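Okay, query_37.cif is below, mmCIF, C-alpha atoms:
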data_coords
#
loop_
_atom_site.label_atom_id
_atom_site.label_comp_id
_atom_site.auth_asym_id
_atom_site.auth_seq_id
_atom_site.Cartn_x
_atom_site.Cartn_y
_atom_site.Cartn_z
CA MET A 1 -5.56 -64.12 -19.34
CA LYS A 2 -7.74 -62.70 -22.14
CA ARG A 3 -10.63 -62.39 -19.71
CA ASN A 4 -8.50 -60.42 -17.22
CA CYS A 5 -7.33 -58.08 -19.99
CA LEU A 6 -10.92 -57.52 -21.07
CA LEU A 7 -12.00 -56.68 -17.51
CA LEU A 8 -9.10 -54.24 -17.13
CA PHE A 9 -10.06 -52.58 -20.41
CA LEU A 10 -13.67 -52.22 -19.30
CA VAL A 11 -12.67 -50.72 -15.94
CA CYS A 12 -10.41 -48.16 -17.61
CA PHE A 13 -13.06 -47.34 -20.24
CA VAL A 14 -15.81 -46.84 -17.68
CA SER A 15 -13.54 -44.77 -15.41
CA GLY A 16 -12.52 -42.54 -18.31
CA PHE A 17 -16.14 -42.16 -19.37
CA LEU A 18 -17.18 -41.14 -15.86
CA LEU A 19 -14.39 -38.57 -15.65
CA GLN A 20 -15.42 -37.15 -19.00
CA ALA A 21 -19.02 -37.14 -17.83
CA GLN A 22 -18.38 -34.54 -15.12
CA PRO A 23 -20.35 -31.46 -16.21
CA LEU A 24 -18.60 -28.21 -17.17
CA GLU A 25 -21.42 -26.21 -15.60
CA VAL A 26 -23.50 -26.80 -12.50
CA TRP A 27 -26.11 -24.71 -10.69
CA VAL A 28 -26.57 -24.13 -6.97
CA ASP A 29 -29.73 -22.69 -5.42
CA ASP A 30 -30.77 -22.92 -1.79
CA ASP A 31 -34.31 -23.63 -3.02
CA PHE A 32 -33.33 -26.76 -4.97
CA THR A 33 -34.49 -30.11 -3.56
CA SER A 34 -34.32 -33.74 -4.55
CA ALA A 35 -37.37 -33.07 -6.71
CA THR A 36 -35.39 -30.62 -8.87
CA PRO A 37 -34.50 -32.01 -12.34
CA GLY A 38 -30.77 -32.74 -12.48
CA TRP A 39 -30.56 -33.08 -8.70
CA SER A 40 -27.12 -34.29 -7.53
CA VAL A 41 -25.84 -34.24 -11.13
CA THR A 42 -25.95 -30.61 -12.25
CA HIS A 43 -28.24 -29.05 -9.61
CA PHE A 44 -27.42 -28.72 -5.91
CA ASN A 45 -28.32 -26.66 -2.83
CA ARG A 46 -24.79 -26.52 -1.41
CA ILE A 47 -21.79 -24.84 -3.03
CA GLN A 48 -19.44 -27.58 -1.88
CA ASP A 49 -21.54 -30.21 -3.63
CA GLY A 50 -21.36 -28.17 -6.82
CA ILE A 51 -17.56 -27.95 -6.60
CA ASN A 52 -17.29 -31.68 -6.03
CA ALA A 53 -19.44 -32.42 -9.07
CA VAL A 54 -18.13 -29.96 -11.64
CA ALA A 55 -15.24 -30.77 -13.96
CA GLU A 56 -11.90 -29.06 -13.55
CA GLY A 57 -12.05 -25.70 -15.28
CA GLY A 58 -15.84 -25.70 -15.01
CA THR A 59 -18.26 -23.14 -13.57
CA VAL A 60 -20.48 -23.30 -10.50
CA HIS A 61 -23.36 -20.81 -10.87
CA VAL A 62 -24.76 -19.78 -7.47
CA ALA A 63 -28.21 -18.21 -7.29
CA SER A 64 -29.29 -15.59 -4.79
CA GLY A 65 -29.78 -16.88 -1.28
CA THR A 66 -27.97 -17.70 1.93
CA TYR A 67 -25.72 -20.77 2.06
CA THR A 68 -24.38 -22.30 5.26
CA GLU A 69 -21.25 -24.21 4.30
CA ASP A 70 -19.66 -25.45 7.53
CA PRO A 71 -16.85 -25.99 8.16
CA TYR A 72 -15.76 -24.10 5.00
CA VAL A 73 -15.97 -24.19 1.21
CA ASP A 74 -13.00 -26.28 0.09
CA VAL A 75 -11.79 -25.13 -3.33
CA TYR A 76 -9.27 -27.80 -4.22
CA LYS A 77 -9.32 -27.74 -8.02
CA PRO A 78 -9.48 -25.18 -10.87
CA VAL A 79 -13.04 -23.89 -10.95
CA THR A 80 -15.06 -20.69 -11.38
CA LEU A 81 -17.50 -19.89 -8.57
CA LEU A 82 -19.91 -17.30 -9.93
CA GLY A 83 -22.47 -15.80 -7.58
CA GLU A 84 -25.39 -13.66 -8.71
CA GLY A 85 -23.83 -10.72 -6.90
CA ARG A 86 -22.45 -9.75 -3.51
CA ASP A 87 -25.78 -8.08 -2.69
CA ALA A 88 -27.66 -11.27 -3.50
CA VAL A 89 -25.54 -14.25 -2.37
CA THR A 90 -24.37 -14.79 1.22
CA VAL A 91 -22.08 -17.64 2.20
CA GLU A 92 -21.66 -18.19 5.91
CA VAL A 93 -19.80 -20.51 8.24
CA THR A 94 -19.75 -20.71 12.01
CA GLU A 95 -15.99 -20.37 12.44
CA ALA A 96 -13.88 -19.11 9.53
CA TRP A 97 -10.44 -20.10 10.81
CA ARG A 98 -9.61 -21.62 7.44
CA GLY A 99 -11.71 -19.08 5.58
CA VAL A 100 -15.26 -19.14 4.36
CA PHE A 101 -13.63 -20.09 1.05
CA TYR A 102 -10.33 -21.98 1.37
CA VAL A 103 -8.50 -22.00 -1.97
CA HIS A 104 -5.50 -24.28 -2.44
CA ALA A 105 -5.48 -24.71 -6.19
CA ALA A 106 -4.52 -22.76 -9.29
CA ASN A 107 -6.83 -21.03 -11.78
CA VAL A 108 -9.74 -20.42 -9.43
CA THR A 109 -12.22 -17.53 -9.74
CA ILE A 110 -14.48 -16.45 -6.88
CA ALA A 111 -16.86 -13.63 -7.80
CA GLY A 112 -20.13 -12.20 -6.57
CA PHE A 113 -20.41 -13.30 -2.92
CA THR A 114 -20.75 -11.82 0.53
CA VAL A 115 -18.87 -13.99 3.02
CA VAL A 116 -19.83 -14.14 6.68
CA SER A 117 -18.27 -15.64 9.78
CA VAL A 118 -21.01 -16.09 12.37
CA SER A 119 -18.42 -15.89 15.18
CA GLY A 120 -17.01 -12.64 13.78
CA ARG A 121 -13.53 -14.15 13.50
CA GLY A 122 -11.38 -15.77 10.85
CA VAL A 123 -10.93 -15.12 7.14
CA GLY A 124 -13.30 -14.42 4.31
CA ILE A 125 -11.30 -15.91 1.42
CA TRP A 126 -7.99 -17.68 2.07
CA LEU A 127 -5.56 -18.37 -0.78
CA TYR A 128 -2.88 -20.88 0.20
CA GLN A 129 -0.24 -21.95 -2.30
CA ALA A 130 -2.60 -20.73 -4.98
CA SER A 131 -1.71 -19.14 -8.30
CA ASN A 132 -3.45 -17.41 -11.19
CA CYS A 133 -6.62 -17.01 -9.15
CA THR A 134 -9.13 -14.14 -9.32
CA VAL A 135 -11.11 -12.84 -6.36
CA LYS A 136 -13.44 -10.06 -7.47
CA ASP A 137 -16.73 -8.33 -6.72
CA ASN A 138 -17.03 -9.88 -3.25
CA ALA A 139 -17.80 -8.36 0.16
CA ALA A 140 -17.05 -9.15 3.79
CA SER A 141 -17.36 -7.41 7.13
CA SER A 142 -16.50 -7.90 10.78
CA MET A 143 -13.90 -10.66 10.76
CA ASP A 144 -10.09 -10.80 10.98
CA HIS A 145 -9.16 -10.67 7.29
CA GLY A 146 -11.22 -10.12 4.17
CA VAL A 147 -8.72 -11.90 1.89
CA TYR A 148 -5.67 -13.67 3.31
CA VAL A 149 -3.00 -14.65 0.75
CA GLU A 150 -0.21 -16.99 1.88
CA VAL A 151 2.63 -18.38 -0.25
CA SER A 152 0.65 -17.55 -3.37
CA HIS A 153 1.52 -15.76 -6.57
CA SER A 154 0.11 -14.19 -9.73
CA ASN A 155 -3.36 -13.68 -8.30
CA THR A 156 -5.79 -10.79 -8.89
CA ILE A 157 -7.91 -9.31 -6.09
CA ASP A 158 -10.18 -6.73 -7.65
CA ASN A 159 -13.23 -4.60 -6.84
CA ASN A 160 -14.04 -6.12 -3.46
CA VAL A 161 -15.62 -4.32 -0.50
CA PHE A 162 -14.33 -4.98 3.03
CA ASP A 163 -15.59 -3.27 6.17
CA SER A 164 -14.51 -3.48 9.81
CA MET A 165 -11.78 -6.10 9.51
CA THR A 166 -9.96 -6.54 12.81
CA THR A 167 -6.55 -7.12 11.19
CA SER A 168 -6.65 -6.31 7.46
CA GLY A 169 -8.94 -6.02 4.50
CA ILE A 170 -6.36 -7.76 2.31
CA GLY A 171 -3.19 -9.39 3.65
CA LEU A 172 -0.30 -10.84 1.62
CA TYR A 173 2.21 -12.90 3.58
CA TYR A 174 5.22 -15.20 3.22
CA ASP A 175 6.50 -14.86 -0.33
CA SER A 176 3.21 -13.96 -1.92
CA ASN A 177 4.64 -12.35 -5.04
CA ASP A 178 3.44 -10.95 -8.38
CA ASN A 179 -0.12 -10.33 -7.22
CA ALA A 180 -2.40 -7.46 -8.27
CA LEU A 181 -4.63 -5.76 -5.69
CA THR A 182 -6.81 -3.28 -7.57
CA ASN A 183 -9.98 -1.20 -7.20
CA ASN A 184 -10.90 -2.47 -3.74
CA TYR A 185 -12.80 -0.42 -1.14
CA ILE A 186 -11.65 -1.09 2.43
CA THR A 187 -12.87 0.88 5.41
CA HIS A 188 -12.74 0.85 9.22
CA SER A 189 -10.16 -1.96 9.36
CA GLY A 190 -6.95 -2.38 11.34
CA PHE A 191 -4.84 -2.33 8.18
CA GLY A 192 -6.47 -1.67 4.85
CA ILE A 193 -3.85 -3.65 2.89
CA SER A 194 -0.90 -5.39 4.55
CA LEU A 195 2.11 -6.97 2.80
CA GLN A 196 4.83 -8.87 4.64
CA ASP A 197 7.78 -10.66 3.06
CA SER A 198 6.21 -10.26 -0.37
CA SER A 199 7.58 -8.66 -3.53
CA ASN A 200 6.72 -7.57 -7.08
CA ASN A 201 3.10 -6.86 -6.22
CA LEU A 202 0.86 -4.15 -7.67
CA ILE A 203 -1.42 -2.20 -5.32
CA LYS A 204 -3.43 0.17 -7.49
CA ASN A 205 -6.55 2.33 -7.40
CA ASN A 206 -7.80 1.16 -4.01
CA ILE A 207 -9.84 3.46 -1.75
CA ILE A 208 -9.03 3.05 1.94
CA PRO A 209 -10.58 5.49 4.43
CA ASN A 210 -10.72 5.31 8.22
CA SER A 211 -8.27 2.49 8.96
CA ASN A 212 -7.40 2.14 12.62
CA TRP A 213 -3.63 1.76 12.14
CA ARG A 214 -2.37 1.95 8.57
CA GLY A 215 -4.00 2.24 5.21
CA ILE A 216 -1.36 0.37 3.17
CA ALA A 217 1.58 -1.25 4.97
CA LEU A 218 4.61 -2.92 3.36
CA VAL A 219 7.14 -4.76 5.54
CA ALA A 220 10.21 -6.62 4.25
CA GLY A 221 9.30 -6.62 0.58
CA SER A 222 10.88 -5.27 -2.58
CA ASN A 223 9.93 -4.01 -6.03
CA ASN A 224 6.30 -3.43 -5.14
CA VAL A 225 4.30 -0.71 -6.92
CA VAL A 226 1.78 1.28 -4.89
CA GLU A 227 -0.06 3.51 -7.34
CA GLY A 228 -3.17 5.61 -7.61
CA ASN A 229 -4.61 4.75 -4.19
CA THR A 230 -6.63 7.06 -1.94
CA VAL A 231 -5.84 6.62 1.75
CA GLU A 232 -7.41 9.02 4.21
CA SER A 233 -8.20 9.49 7.88
CA THR A 234 -5.88 6.89 9.37
CA TRP A 235 -2.72 6.90 11.53
CA LEU A 236 -0.20 6.19 8.76
CA GLY A 237 -1.56 6.44 5.24
CA ILE A 238 1.08 4.41 3.35
CA SER A 239 3.94 2.89 5.33
CA LEU A 240 7.10 1.07 4.21
CA GLU A 241 9.52 -0.67 6.57
CA TYR A 242 12.65 -2.79 6.08
CA SER A 243 12.06 -2.97 2.33
CA SER A 244 13.76 -1.83 -0.85
CA ASN A 245 13.21 -0.52 -4.36
CA ASN A 246 9.49 0.09 -4.02
CA MET A 247 7.64 2.61 -6.20
CA ILE A 248 5.05 4.81 -4.47
CA ARG A 249 3.38 7.10 -7.01
CA ASN A 250 0.21 9.02 -7.81
CA ASN A 251 -1.42 8.30 -4.45
CA THR A 252 -3.60 10.66 -2.42
CA CYS A 253 -2.84 10.53 1.30
CA ASN A 254 -4.73 13.33 3.03
CA SER A 255 -6.01 13.91 6.57
CA ASN A 256 -3.91 11.19 8.23
CA ASN A 257 -1.35 11.63 10.98
CA VAL A 258 1.38 10.90 8.42
CA GLY A 259 0.57 10.65 4.73
CA ILE A 260 3.52 8.48 3.56
CA TYR A 261 5.98 6.94 6.02
CA ALA A 262 9.23 5.05 5.29
CA TYR A 263 11.53 3.49 7.89
CA ARG A 264 14.84 1.77 7.12
CA GLU A 265 14.13 1.61 3.43
CA TYR A 266 16.58 1.55 0.54
CA GLY A 267 16.18 2.73 -3.01
CA ASP A 268 12.48 3.64 -2.91
CA VAL A 269 10.95 6.18 -5.30
CA ILE A 270 8.15 8.34 -3.88
CA GLU A 271 6.74 10.51 -6.64
CA ASN A 272 3.69 12.44 -7.80
CA ASN A 273 1.78 11.85 -4.59
CA THR A 274 -0.49 14.29 -2.78
CA ALA A 275 -0.18 14.38 1.01
CA ASN A 276 -2.15 17.30 2.42
CA SER A 277 -3.76 18.30 5.70
CA ASN A 278 -2.15 15.58 7.81
CA ARG A 279 -2.58 16.48 11.48
CA LYS A 280 -0.39 15.69 14.46
CA ARG A 281 -1.31 13.94 17.69
CA ASP A 282 2.14 14.61 19.13
CA THR A 283 5.34 16.27 17.91
CA SER A 284 6.27 13.29 15.74
CA TYR A 285 3.28 13.48 13.45
CA GLY A 286 1.35 15.89 11.29
CA LYS A 287 3.65 15.19 8.33
CA GLY A 288 2.99 14.76 4.64
CA ILE A 289 5.96 12.49 3.84
CA GLU A 290 8.28 11.17 6.58
CA ILE A 291 11.50 9.26 5.79
CA ILE A 292 13.49 7.85 8.74
CA GLU A 293 16.85 6.04 8.67
CA CYS A 294 16.67 5.30 4.96
CA SER A 295 19.20 5.49 2.16
CA GLU A 296 19.08 6.48 -1.51
CA VAL A 297 15.41 7.37 -1.44
CA MET A 298 14.02 9.68 -4.14
CA VAL A 299 11.19 12.02 -3.16
CA ARG A 300 10.12 13.93 -6.23
CA SER A 301 7.22 15.82 -7.77
CA ASN A 302 4.95 15.44 -4.74
CA THR A 303 2.48 18.00 -3.42
CA VAL A 304 2.45 18.49 0.35
CA LYS A 305 0.26 21.29 1.65
CA SER A 306 -1.29 22.38 4.94
CA ASN A 307 0.34 19.65 7.04
CA GLU A 308 0.40 20.69 10.65
CA PHE A 309 4.11 20.01 11.20
CA VAL A 310 6.29 19.11 8.17
CA GLY A 311 5.58 18.70 4.48
CA ILE A 312 8.57 16.44 3.66
CA SER A 313 10.88 15.14 6.39
CA LEU A 314 14.12 13.17 5.97
CA TYR A 315 15.62 12.19 9.32
CA LYS A 316 18.87 10.24 9.59
CA THR A 317 18.50 9.53 5.89
CA ALA A 318 21.57 9.76 3.66
CA ASN A 319 22.15 9.99 -0.08
CA GLY A 320 18.57 11.05 -0.75
CA LEU A 321 17.10 13.22 -3.47
CA VAL A 322 14.28 15.67 -2.81
CA GLU A 323 13.35 17.17 -6.16
CA GLY A 324 10.53 19.02 -7.84
CA ASN A 325 8.13 18.99 -4.90
CA THR A 326 5.62 21.64 -3.89
CA ALA A 327 5.58 22.20 -0.11
CA GLU A 328 3.22 24.96 0.95
CA SER A 329 1.49 26.18 4.10
CA ASN A 330 3.14 23.69 6.44
CA SER A 331 5.01 24.59 9.61
CA ILE A 332 8.20 23.37 7.89
CA GLY A 333 8.13 22.83 4.14
CA ILE A 334 11.13 20.50 3.73
CA TYR A 335 13.19 19.21 6.67
CA LEU A 336 16.47 17.26 6.72
CA GLY A 337 18.05 16.21 10.01
CA GLU A 338 21.17 14.41 11.26
CA ALA A 339 22.40 12.88 8.00
CA SER A 340 24.54 13.71 4.99
CA ASN A 341 24.95 13.78 1.24
CA ASN A 342 21.39 14.70 0.38
CA VAL A 343 20.34 16.83 -2.58
CA VAL A 344 17.37 19.21 -2.41
CA ARG A 345 16.65 20.89 -5.74
CA ASN A 346 13.97 22.45 -7.90
CA ASN A 347 11.40 22.49 -5.11
CA PHE A 348 8.77 25.13 -4.33
CA ALA A 349 8.65 25.76 -0.57
CA ASN A 350 6.27 28.65 0.03
CA PHE A 351 4.05 30.05 2.80
CA ASN A 352 5.64 27.91 5.52
CA ASP A 353 7.23 29.04 8.77
CA ARG A 354 10.53 27.60 7.48
CA GLY A 355 10.75 26.79 3.80
CA ILE A 356 13.78 24.44 3.80
CA TYR A 357 15.23 23.62 7.21
CA LEU A 358 18.42 21.61 7.81
CA LEU A 359 19.48 20.51 11.29
CA ARG A 360 22.88 18.88 11.92
CA GLU A 361 23.35 17.90 8.29
CA SER A 362 26.59 17.71 6.35
CA ASN A 363 27.62 17.73 2.70
CA ASP A 364 24.13 18.50 1.44
CA VAL A 365 23.39 20.43 -1.74
CA ILE A 366 20.46 22.86 -1.73
CA GLU A 367 20.03 24.20 -5.25
CA SER A 368 17.59 25.81 -7.66
CA ASN A 369 14.73 25.96 -5.17
CA SER A 370 12.09 28.69 -4.89
CA VAL A 371 11.26 29.75 -1.34
CA TYR A 372 8.64 32.49 -1.11
CA ALA A 373 6.73 34.09 1.73
CA ASN A 374 8.05 31.93 4.55
CA ARG A 375 9.35 33.30 7.83
CA LYS A 376 12.76 31.84 7.01
CA GLY A 377 13.41 30.70 3.46
CA ILE A 378 16.47 28.39 3.64
CA TYR A 379 17.76 27.70 7.15
CA PRO A 380 20.74 25.39 7.84
CA HIS A 381 21.25 25.11 11.61
CA GLU A 382 24.32 23.44 13.19
CA CYS A 383 25.32 21.92 9.86
CA ASN A 384 28.64 21.59 8.07
CA GLU A 385 29.80 21.84 4.46
CA ILE A 386 26.47 22.79 2.93
CA VAL A 387 26.21 24.07 -0.65
CA ILE A 388 23.40 26.60 -1.17
CA ARG A 389 23.32 27.76 -4.77
CA ASN A 390 21.08 29.14 -7.49
CA ASN A 391 18.03 29.41 -5.24
CA THR A 392 15.42 32.16 -5.31
CA ALA A 393 14.37 33.41 -1.87
CA LYS A 394 11.75 36.14 -2.00
CA SER A 395 9.41 37.92 0.41
CA ASN A 396 10.37 35.86 3.46
CA ALA A 397 9.45 37.64 6.67
CA TYR A 398 12.79 37.22 8.46
CA ALA A 399 15.58 35.95 6.20
CA GLY A 400 15.82 34.62 2.69
CA ILE A 401 18.87 32.50 3.61
CA HIS A 402 19.77 32.13 7.28
CA VAL A 403 23.02 30.20 7.94
CA TYR A 404 23.49 29.59 11.66
CA LYS A 405 26.34 27.66 13.33
CA THR A 406 27.10 26.16 9.92
CA PRO A 407 30.77 26.47 8.87
CA ASN A 408 32.66 25.49 5.70
CA SER A 409 29.71 26.16 3.44
CA LEU A 410 29.21 27.75 0.03
CA ILE A 411 26.43 30.26 -0.64
CA GLU A 412 26.59 31.01 -4.36
CA GLY A 413 24.49 32.33 -7.20
CA ASN A 414 21.33 32.83 -5.18
CA LYS A 415 18.73 35.53 -5.82
CA VAL A 416 17.29 37.02 -2.62
CA GLU A 417 14.64 39.72 -2.86
CA SER A 418 12.24 41.58 -0.59
CA ASN A 419 13.18 39.71 2.58
CA TRP A 420 13.84 41.50 5.88
CA LEU A 421 17.34 39.99 5.81
CA GLY A 422 18.62 38.74 2.48
CA ILE A 423 21.50 36.45 3.50
CA TYR A 424 22.33 36.19 7.19
CA LEU A 425 25.29 34.24 8.63
CA GLY A 426 25.64 33.80 12.37
CA ALA A 427 28.03 31.99 14.74
CA ALA A 428 29.99 30.27 11.95
CA ASN A 429 33.22 30.64 9.98
CA ASN A 430 35.02 29.58 6.80
CA ASN A 431 31.96 30.19 4.65
CA ILE A 432 32.14 31.47 1.07
CA VAL A 433 29.45 33.87 -0.12
CA LYS A 434 29.76 34.83 -3.78
CA ASN A 435 27.87 35.82 -6.90
CA ASN A 436 24.54 36.27 -5.12
CA THR A 437 21.95 38.93 -5.98
CA ALA A 438 20.43 40.62 -2.94
CA ASN A 439 17.76 43.27 -3.56
#

Turn the structure described in the file into structure tokens.
Amino acid sequence: MKRNCLLLFLVCFVSGFLLQAQPLEVWVDDDFTSATPGWSVTHFNRIQDGINAVAEGGTVHVASGTYTEDPYVDVYKPVTLLGEGRDAVTVEVTEAWRGVFYVHAANVTIAGFTVVSVSGRGVGIWLYQASNCTVKDNAASSMDHGVYVEVSHSNTIDNNVFDSMTTSGIGLYYDSNDNALTNNYITHSGFGISLQDSSNNLIKNNIIPNSNWRGIALVAGSNNVVEGNTVESTWLGISLEYSSNNMIRNNTCNSNNVGIYAYREYGDVIENNTANSNRKRDTSYGKGIEIIECSEVMVRSNTVKSNEFVGISLYKTANGLVEGNTAESNSIGIYLGEASNNVVRNNFANFNDRGIYLLRESNDVIESNSVYANRKGIYPHECNEIVIRNNTAKSNAYAGIHVYKTPNSLIEGNKVESNWLGIYLGAANNNIVKNNTAN
């Protein structure tokens, strides 16, 4: 009995010693051989061997070179993988269907690599059920996804470069929440950044030119913040669909077909963005900000200039607020169509064909706006019960305020100057016009 206890003690002691003996740092170089001091203990020529050898929480230093790591690099424990730089270290696999790096652990850092799929398909870095991981300073080109994040949370993806991704530069899917995607450069990809069924994420200070479909796309997520990004020369710059309570602010979305697009959203705030020079391919595009079939969306303090069709468009969108925007040199500055209970106030709508144009709206309030040098300043058409008050309409070529086929409305306290027609009502009845100044 004593002998058995002694043997058990020795086994446990030796096992514990071996576990403790795993190094906290190892080095990988494709020039290392079995003649290298520390070979197979702290020095290796494959990244996977370094991961297997290093202690949890340790660091694998990877020297410049090219590493073939078929079928993939399996990152299954907390570890830091530190390459000499994305211009110096290339990691390649033949088929990257599970990623060049496949991460299914917490507290992993991958930094300083270029990842390559020889077949041109698959994923650069795949995070699956991973948390508190950092992916930074990496590069990838010509595969399906640069970084693919699935059922993962509280990760940081920062300062990576992705080019020519078939699907997306960075994709977050299936309850990937509380992640930060910052300072990445993504070009010539299907989607620059794509989020689906994911919430509470931060997308900030990314530069995304020349995407094939959408620069940043959010579908079925809530409480995401999209801030300070530059998205240019794509079909839809920033798009939101079937989501709620997202914050879109301080972005630059120029020279797209639509700068910012929202469809069936609720409670979003779109503020302090610049969406200029967006050009149309058909009559539905060439818009700075387009909101369709949404509710309780706030569009405020944005600048929309020189868009070929509309600066700000709300279509079939109720209970919205359009406030404090500058809409200049568009065909239509601000457009609302086929909805109700919207408020448009304190906007500057100048040098457009139509400054503020309402079509088949009801119970809207248009107040305290400045509309200068348009063809028509404020133009409700086939609307009902519209309040137009305390606006300034000056130097518009045709009419400062043109109310057409719009009954039961109030036109009050407006200042109209130097227009061809100051206030013009046509084909309507039961309107009240009072306390306006027309010079």

Test item: which residues lie within 10 Å of (6.4, -0.7, 4.1) counting all atoms listed in the file, as a PyMOL selection string: chain A and resi 194-196+216-222+224+238-244+246+260-265

Hits from the PyMOL selection byres ((chain A and resi 235) around 8), listed as a VMD selection string: chain A and resid 211 to 215 233 to 234 236 to 237 256 to 258

Residues matched by the PyMOL selection byres ((chain A and resi 134) around 7), written as a VMD selection string: chain A and resid 108 to 110 132 to 133 135 to 136 155 to 157

The PyMOL selection byres ((chain A and resi 418-435) around 9) resolved against shown file, as an MDAnalysis selection string: chainID A and resid 373 382 385 393:417 436:439

Polymer residues at most 6 Å from A:Glu296, only C-alpha atoms, same-chain spacing of 6 or more positions, as a ChimeraX atom specification: /A:266-267,319-320

Interatomic distance, atom CA of A:Gly192 to atom CA of A:Met165 (Å, one decimal): 8.3 Å

Nearest-residue call for A:Gln48, choices A:Val73, A:Ile270, A:Val60, A:Val28, using all atoms listed in the file: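 Using all atoms listed in the file, A:Gln48 sits closest to A:Val73.
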
Pairwise distance for atom CA of A:Thr42 and atom CA of A:Tyr128, rounded to one decimal in Å: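 We find that atom CA of A:Thr42 and atom CA of A:Tyr128 lie 28.0 Å from each other.
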
Selection: 9 Å around A:Arg121, only C-alpha atoms, excl. self and same-chain fewer than 5 positions, as a list in words: Glu95, Ala96, Trp97, Ser142, Met143, Asp144, His145 and Thr166 of chain A

Close residues, A:Lys305 itself excluded, 9 Å, only C-alpha atoms, min 2 positions apart in chain, as a VMD selection string: chain A and resid 274 to 278 288 303 307 311 326 to 330 333

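Of note, atom CA of A:Ser331 and atom CA of A:Val310 are spaced 5.8 Å apart.
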